[in-house]
Amino acid sequence: MDILKFLTAGSVDDGKSTLIGRLLYDSESILQDQLEALQASNRKNDDGTIDLAILTDGLKAEREQGITIDVAYKYFQTEKRKFIIADTPGHIQYTRNMVTGASNADLAIILVDARKGVIEQTIRHSYLVSLLALQHVVVAVNKMDMVDYSEEVFNNIVKAYQAMAAKLNLNEVTYIPVSALKGDNIVHESLNMLWYKGKSLLDHLETVPVAIDDSTDHARMPVQWIIRPQTDELHDYRGYAGRVVSGSFKVNDRVTVLPSCFSSTISKVEFFDKEPEEALAGMSVTLHLQDEIDISRGDILVNANHLPIVSQLIEADLCWMDTKPMDTSLTYLIQHNSKTTRCKISDVLHKVNINTLEKVPADSFNLNDIGRIVIKTAEPLAFDLYQDNKANGGAILIDSRTNLTVGALMFRANAD
């Protein structure tokens with residue numbers, strides 16, 4: 001059974017938490033103690049029904065204000081698939097939280113209030129989804145019960161969103177009219193919108209294809225540990241442990257170690273107490289090579305016929321996550337998979353007004369700003385472009401003074 005990781009995004013009061021609550025409630029994915037706590041809650045809707053948003057509003061401030069502040073993760077499964085949900089905040093001041101929640105998602109559900117249509121918040125969230133290269137987008141036009149389940153209202157919103165999606169290169173977009181409050185088209189098909197011939201939200205989530213990159217082209221394994229027991233029994237044992245972040249490795253594959261560029265052949269794959277012929281993306285394995293090569297933590301094993309870019313000057317999109325503004329005079333740390341090295345921001349190319357999508361000149365970044373920069377690293381990094389291979393195309397910036405993560409990077413080009 002595979003796993004679909006998806007997020008919800010939308011403006012304040014669009015009903016993100018209610019939609020997730022309805023999804024869990026109607027699919028009977030709520031534990032008995034949660035159900036009892038839900039029924040005992042004093043939070044009710046105007047019609048006296050239970051406020052299902054309680055299921056995801058975990059922080060006290062969220063319950064008091066009726067908003068989402070932090071990313072709330074929920075887990076459930078049906079007979080067809082397992083799901084991990086990231087309920088992300090809609091406020092502009094929590095953009096960094098949404099970026100965090102979206103970074104590992106396969107699909108985004110963008111909520112649009114049927115009464116308001118496509119607004120600035122919708123544009124902002126759609127831009128972030130495009131920036132993070134999510135494969136699938138569902139536009140859930142919510143609160144259809146408040147516009148008398150009007151087909152014309154739905155069609156107008158679809159038309160407006162399609163025009164924006166074309167500009168953002170969002171290709172896999174599905175439009176579903178829903179009412180999270182009433183349960184229309186969430187788990188069960190709605191009897192109030194017989195004009196809609198598509199699937200319910202859950203049916204779509206259960207059947208949307210989840211792409212798994214199992215080709216050898218993008219085979220990438222950052223080395224986390226060199227295993228050398230040096231015991232009498234395992235005197236010559238030398239294994240390279242790590243997690244395969246993308247693609248796959250097979251016994252007898254030719255691999256190259258970067259940044260040293262030495263090559264060898266895989267002689268054995270170890271996975272717990274087994275020796276499979278292949279290591280797939282997501283597996284934590286130990287690889288053995290036919291040749292003894294000097295390899296250290298932070299090096300990366302790649303397919304010898306499909307090498308990533310190796311450079312010290314990189315152009316990247318950046319989401320700034322620190323309350324302190326960017327300081328281009330400082331030396332930051334950059335962590336790319338298991339490799340950490342020092343870097344400097346050598347140029348700020350532009351910031352993006354994510355409400356209008358305009359690129360504006362900038363000298364620095366403040367909290368939640370997004371734009372493009374050029375970084376110079378102390379040691380070369382072996383990376384792919386983010387749009388080609390997300391697993392090896394992203395990194396984080398760390399303030400070496402505080403050890404706090406201050407930025408998320410998506411590599412876009414070799415700036416050499």
# chains A, B, ... in the order shown; residues from 1 in each chain; ligands from 1
call {"tool": "closest_atom_pairs", "arguments": {"of": "segment 54-171 of chain A", "to": "segment 308-321 of chain A", "cutoff": "12 Å", "atoms": "only C-alpha atoms", "output": "Markdown table"}}
result
| residue | atom | partner | partner_atom | distance |
| --- | --- | --- | --- | --- |
| A:Gln93 | CA | A:Met321 | CA | 10.3 |
| A:Tyr94 | CA | A:Met321 | CA | 9.4 |
| A:Thr95 | CA | A:Met321 | CA | 8.6 |
| A:Arg96 | CA | A:Met321 | CA | 5.6 |
| A:Asn97 | CA | A:Met321 | CA | 8.7 |
| A:Met98 | CA | A:Cys319 | CA | 10.7 |
| A:Val99 | CA | A:Cys319 | CA | 7.9 |
| A:Thr100 | CA | A:Met321 | CA | 9.8 |
| A:Ser103 | CA | A:Cys319 | CA | 11.6 |
| A:Leu128 | CA | A:Cys319 | CA | 9.9 |
| A:Leu131 | CA | A:Asp317 | CA | 8.3 |
| A:Leu132 | CA | A:Asp317 | CA | 9.8 |
call {"tool": "closest_residue", "arguments": {"among": "A:Val138, A:Ile110, A:Ala304, A:Leu7", "to": "Arg124 of chain A", "atoms": "only C-alpha atoms"}}
result
A:Ile110
call {"tool": "residues_around", "arguments": {"residues": "segment 173-185 of chain A", "least_positions_apart": "4", "cutoff": "9 Å", "atoms": "only C-alpha atoms", "output": "number ranges by chain"}}
result
A: 15-16, 18-23, 26, 45, 51-52, 114, 136-146, 149, 151, 154, 158, 162, 165, 189-193, 196, 198-202, 204
call {"tool": "residues_around", "arguments": {"residues": "segment 324-334 of chain A", "least_positions_apart": "5", "cutoff": "8 Å", "atoms": "only C-alpha atoms", "output": "ChimeraX atom specification"}}
result
/A:340-346,364-367,377,395-400
call {"tool": "closest_residue", "arguments": {"among": "A:Ile226, A:Val406, A:Leu258, A:Leu24", "to": "Val285 of chain A", "atoms": "only C-alpha atoms"}}
result
A:Ile226
call {"tool": "residues_around", "arguments": {"residues": "segment 117-122 of chain A", "least_positions_apart": "4", "cutoff": "9 Å", "atoms": "only C-alpha atoms", "output": "number ranges by chain"}}
result
A: 9-12, 90-92, 110-113, 126-127, 141, 153-154, 156-157, 160-161, 354-356
call {"tool": "residues_around", "arguments": {"residues": "Asn337 of chain A", "least_positions_apart": "6", "cutoff": "8 Å", "atoms": "only C-alpha atoms", "output": "list in words"}}
result
Pro222, Gly298, Asn392 and Ala395 of chain A
call {"tool": "select_by_dssp", "arguments": {"residues": "segment 224-340 of chain A", "states": "strand (DSSP E)", "output": "number ranges by chain"}}
result
A: 224-227, 239-243, 248-250, 254-258, 262-270, 278-280, 284-289, 300-303, 309-320, 332-336, 339-340
call {"tool": "atom_distance", "arguments": {"atom1": "atom CA of Ser264 of chain A", "atom2": "atom CA of Glu292 of chain A"}}
result
8.6 Å
call {"tool": "residues_around", "arguments": {"residues": "Lys359 of chain A", "least_positions_apart": "5", "cutoff": "9 Å", "atoms": "only C-alpha atoms", "output": "PyMOL selection string"}}
result
chain A and resi 350-354+371
call {"tool": "atom_distance", "arguments": {"atom1": "atom CA of Asp203 of chain A", "atom2": "atom CA of Asp106 of chain A"}}
result
16.1 Å
call {"tool": "select_by_dssp", "arguments": {"residues": "segment 61-188 of chain A", "states": "helix (DSSP H, G or I)", "output": "PyMOL selection string"}}
result
chain A and resi 61-65+92-102+120-131+144-147+151-168
call {"tool": "decode", "arguments": {"residues": "segment 138-180 of chain A", "atoms": "N, CA and C atoms", "output": "mmCIF file, in the first residue's frame"}}
result
data_model
loop_
_atom_site.group_PDB
_atom_site.id
_atom_site.type_symbol
_atom_site.label_atom_id
_atom_site.label_comp_id
_atom_site.auth_asym_id
_atom_site.auth_seq_id
_atom_site.Cartn_x
_atom_site.Cartn_y
_atom_site.Cartn_z
ATOM 1 N N VAL A 138 -5.222 20.082 -6.486
ATOM 2 C CA VAL A 138 -6.680 20.012 -6.457
ATOM 3 C C VAL A 138 -7.194 21.366 -6.001
ATOM 4 N N VAL A 139 -8.022 21.997 -6.817
ATOM 5 C CA VAL A 139 -8.681 23.234 -6.412
ATOM 6 C C VAL A 139 -10.057 22.852 -5.875
ATOM 7 N N ALA A 140 -10.205 22.936 -4.561
ATOM 8 C CA ALA A 140 -11.467 22.595 -3.909
ATOM 9 C C ALA A 140 -12.260 23.885 -3.703
ATOM 10 N N VAL A 141 -13.291 24.062 -4.485
ATOM 11 C CA VAL A 141 -14.135 25.253 -4.362
ATOM 12 C C VAL A 141 -15.112 24.984 -3.221
ATOM 13 N N ASN A 142 -14.815 25.556 -2.055
ATOM 14 C CA ASN A 142 -15.540 25.234 -0.828
ATOM 15 C C ASN A 142 -16.706 26.205 -0.595
ATOM 16 N N LYS A 143 -17.556 25.816 0.339
ATOM 17 C CA LYS A 143 -18.723 26.600 0.742
ATOM 18 C C LYS A 143 -19.731 26.756 -0.400
ATOM 19 N N MET A 144 -19.845 25.699 -1.203
ATOM 20 C CA MET A 144 -20.824 25.726 -2.289
ATOM 21 C C MET A 144 -22.250 25.816 -1.756
ATOM 22 N N ASP A 145 -22.440 25.376 -0.504
ATOM 23 C CA ASP A 145 -23.776 25.482 0.091
ATOM 24 C C ASP A 145 -24.195 26.931 0.289
ATOM 25 N N MET A 146 -23.225 27.842 0.362
ATOM 26 C CA MET A 146 -23.526 29.261 0.580
ATOM 27 C C MET A 146 -23.793 30.019 -0.721
ATOM 28 N N VAL A 147 -23.615 29.343 -1.861
ATOM 29 C CA VAL A 147 -23.952 29.966 -3.146
ATOM 30 C C VAL A 147 -24.985 29.104 -3.873
ATOM 31 N N ASP A 148 -25.801 28.403 -3.079
ATOM 32 C CA ASP A 148 -26.895 27.577 -3.606
ATOM 33 C C ASP A 148 -26.406 26.517 -4.588
ATOM 34 N N TYR A 149 -25.199 26.021 -4.339
ATOM 35 C CA TYR A 149 -24.614 24.962 -5.170
ATOM 36 C C TYR A 149 -24.629 25.327 -6.659
ATOM 37 N N SER A 150 -24.304 26.578 -6.939
ATOM 38 C CA SER A 150 -24.413 27.119 -8.292
ATOM 39 C C SER A 150 -23.313 26.598 -9.217
ATOM 40 N N GLU A 151 -23.700 25.984 -10.331
ATOM 41 C CA GLU A 151 -22.739 25.525 -11.338
ATOM 42 C C GLU A 151 -22.050 26.709 -12.001
ATOM 43 N N GLU A 152 -22.768 27.794 -12.190
ATOM 44 C CA GLU A 152 -22.187 28.978 -12.838
ATOM 45 C C GLU A 152 -21.075 29.585 -11.987
ATOM 46 N N VAL A 153 -21.291 29.657 -10.671
ATOM 47 C CA VAL A 153 -20.254 30.182 -9.778
ATOM 48 C C VAL A 153 -19.006 29.299 -9.856
ATOM 49 N N PHE A 154 -19.207 27.999 -9.821
ATOM 50 C CA PHE A 154 -18.076 27.067 -9.902
ATOM 51 C C PHE A 154 -17.314 27.234 -11.216
ATOM 52 N N ASN A 155 -18.035 27.298 -12.337
ATOM 53 C CA ASN A 155 -17.396 27.414 -13.646
ATOM 54 C C ASN A 155 -16.610 28.714 -13.780
ATOM 55 N N ASN A 156 -17.110 29.795 -13.217
ATOM 56 C CA ASN A 156 -16.401 31.076 -13.273
ATOM 57 C C ASN A 156 -15.086 31.014 -12.495
ATOM 58 N N ILE A 157 -15.106 30.329 -11.343
ATOM 59 C CA ILE A 157 -13.884 30.185 -10.541
ATOM 60 C C ILE A 157 -12.876 29.308 -11.278
ATOM 61 N N VAL A 158 -13.343 28.238 -11.892
ATOM 62 C CA VAL A 158 -12.465 27.356 -12.667
ATOM 63 C C VAL A 158 -11.797 28.142 -13.792
ATOM 64 N N LYS A 159 -12.572 28.951 -14.490
ATOM 65 C CA LYS A 159 -12.033 29.735 -15.600
ATOM 66 C C LYS A 159 -10.966 30.717 -15.115
ATOM 67 N N ALA A 160 -11.219 31.381 -13.980
ATOM 68 C CA ALA A 160 -10.257 32.346 -13.440
ATOM 69 C C ALA A 160 -8.983 31.652 -12.983
ATOM 70 N N TYR A 161 -9.133 30.486 -12.371
ATOM 71 C CA TYR A 161 -7.940 29.776 -11.876
ATOM 72 C C TYR A 161 -7.126 29.208 -13.036
ATOM 73 N N GLN A 162 -7.787 28.734 -14.066
ATOM 74 C CA GLN A 162 -7.077 28.168 -15.217
ATOM 75 C C GLN A 162 -6.153 29.201 -15.850
ATOM 76 N N ALA A 163 -6.593 30.452 -15.909
ATOM 77 C CA ALA A 163 -5.762 31.507 -16.485
ATOM 78 C C ALA A 163 -4.502 31.723 -15.658
ATOM 79 N N MET A 164 -4.646 31.686 -14.326
ATOM 80 C CA MET A 164 -3.483 31.847 -13.451
ATOM 81 C C MET A 164 -2.586 30.618 -13.505
ATOM 82 N N ALA A 165 -3.176 29.421 -13.527
ATOM 83 C CA ALA A 165 -2.391 28.183 -13.541
ATOM 84 C C ALA A 165 -1.505 28.105 -14.769
ATOM 85 N N ALA A 166 -1.970 28.630 -15.892
ATOM 86 C CA ALA A 166 -1.175 28.618 -17.116
ATOM 87 C C ALA A 166 0.087 29.452 -16.950
ATOM 88 N N LYS A 167 -0.014 30.573 -16.240
ATOM 89 C CA LYS A 167 1.147 31.436 -16.012
ATOM 90 C C LYS A 167 2.156 30.766 -15.080
ATOM 91 N N LEU A 168 1.664 29.930 -14.158
ATOM 92 C CA LEU A 168 2.527 29.298 -13.166
ATOM 93 C C LEU A 168 2.987 27.906 -13.592
ATOM 94 N N ASN A 169 2.589 27.481 -14.785
ATOM 95 C CA ASN A 169 2.954 26.150 -15.290
ATOM 96 C C ASN A 169 2.445 25.035 -14.384
ATOM 97 N N LEU A 170 1.243 25.230 -13.841
ATOM 98 C CA LEU A 170 0.577 24.169 -13.079
ATOM 99 C C LEU A 170 -0.243 23.344 -14.065
ATOM 100 N N ASN A 171 0.190 22.135 -14.322
ATOM 101 C CA ASN A 171 -0.420 21.338 -15.387
ATOM 102 C C ASN A 171 -1.483 20.364 -14.891
ATOM 103 N N GLU A 172 -1.176 19.636 -13.817
ATOM 104 C CA GLU A 172 -2.098 18.620 -13.311
ATOM 105 C C GLU A 172 -3.035 19.246 -12.275
ATOM 106 N N VAL A 173 -4.083 19.929 -12.742
ATOM 107 C CA VAL A 173 -5.016 20.614 -11.847
ATOM 108 C C VAL A 173 -6.402 19.985 -11.978
ATOM 109 N N THR A 174 -6.995 19.608 -10.843
ATOM 110 C CA THR A 174 -8.337 19.027 -10.799
ATOM 111 C C THR A 174 -9.236 19.954 -9.987
ATOM 112 N N TYR A 175 -10.446 20.193 -10.468
ATOM 113 C CA TYR A 175 -11.374 21.122 -9.813
ATOM 114 C C TYR A 175 -12.561 20.340 -9.253
ATOM 115 N N ILE A 176 -12.832 20.539 -7.946
ATOM 116 C CA ILE A 176 -13.920 19.813 -7.286
ATOM 117 C C ILE A 176 -14.757 20.795 -6.463
ATOM 118 N N PRO A 177 -16.060 20.880 -6.708
ATOM 119 C CA PRO A 177 -16.932 21.718 -5.871
ATOM 120 C C PRO A 177 -17.293 20.973 -4.599
ATOM 121 N N VAL A 178 -17.104 21.595 -3.434
ATOM 122 C CA VAL A 178 -17.331 20.893 -2.175
ATOM 123 C C VAL A 178 -18.009 21.807 -1.158
ATOM 124 N N SER A 179 -18.525 21.180 -0.127
ATOM 125 C CA SER A 179 -18.941 21.873 1.094
ATOM 126 C C SER A 179 -18.382 21.059 2.255
ATOM 127 N N ALA A 180 -17.317 21.565 2.856
ATOM 128 C CA ALA A 180 -16.705 20.855 3.979
ATOM 129 C C ALA A 180 -17.660 20.804 5.165
#
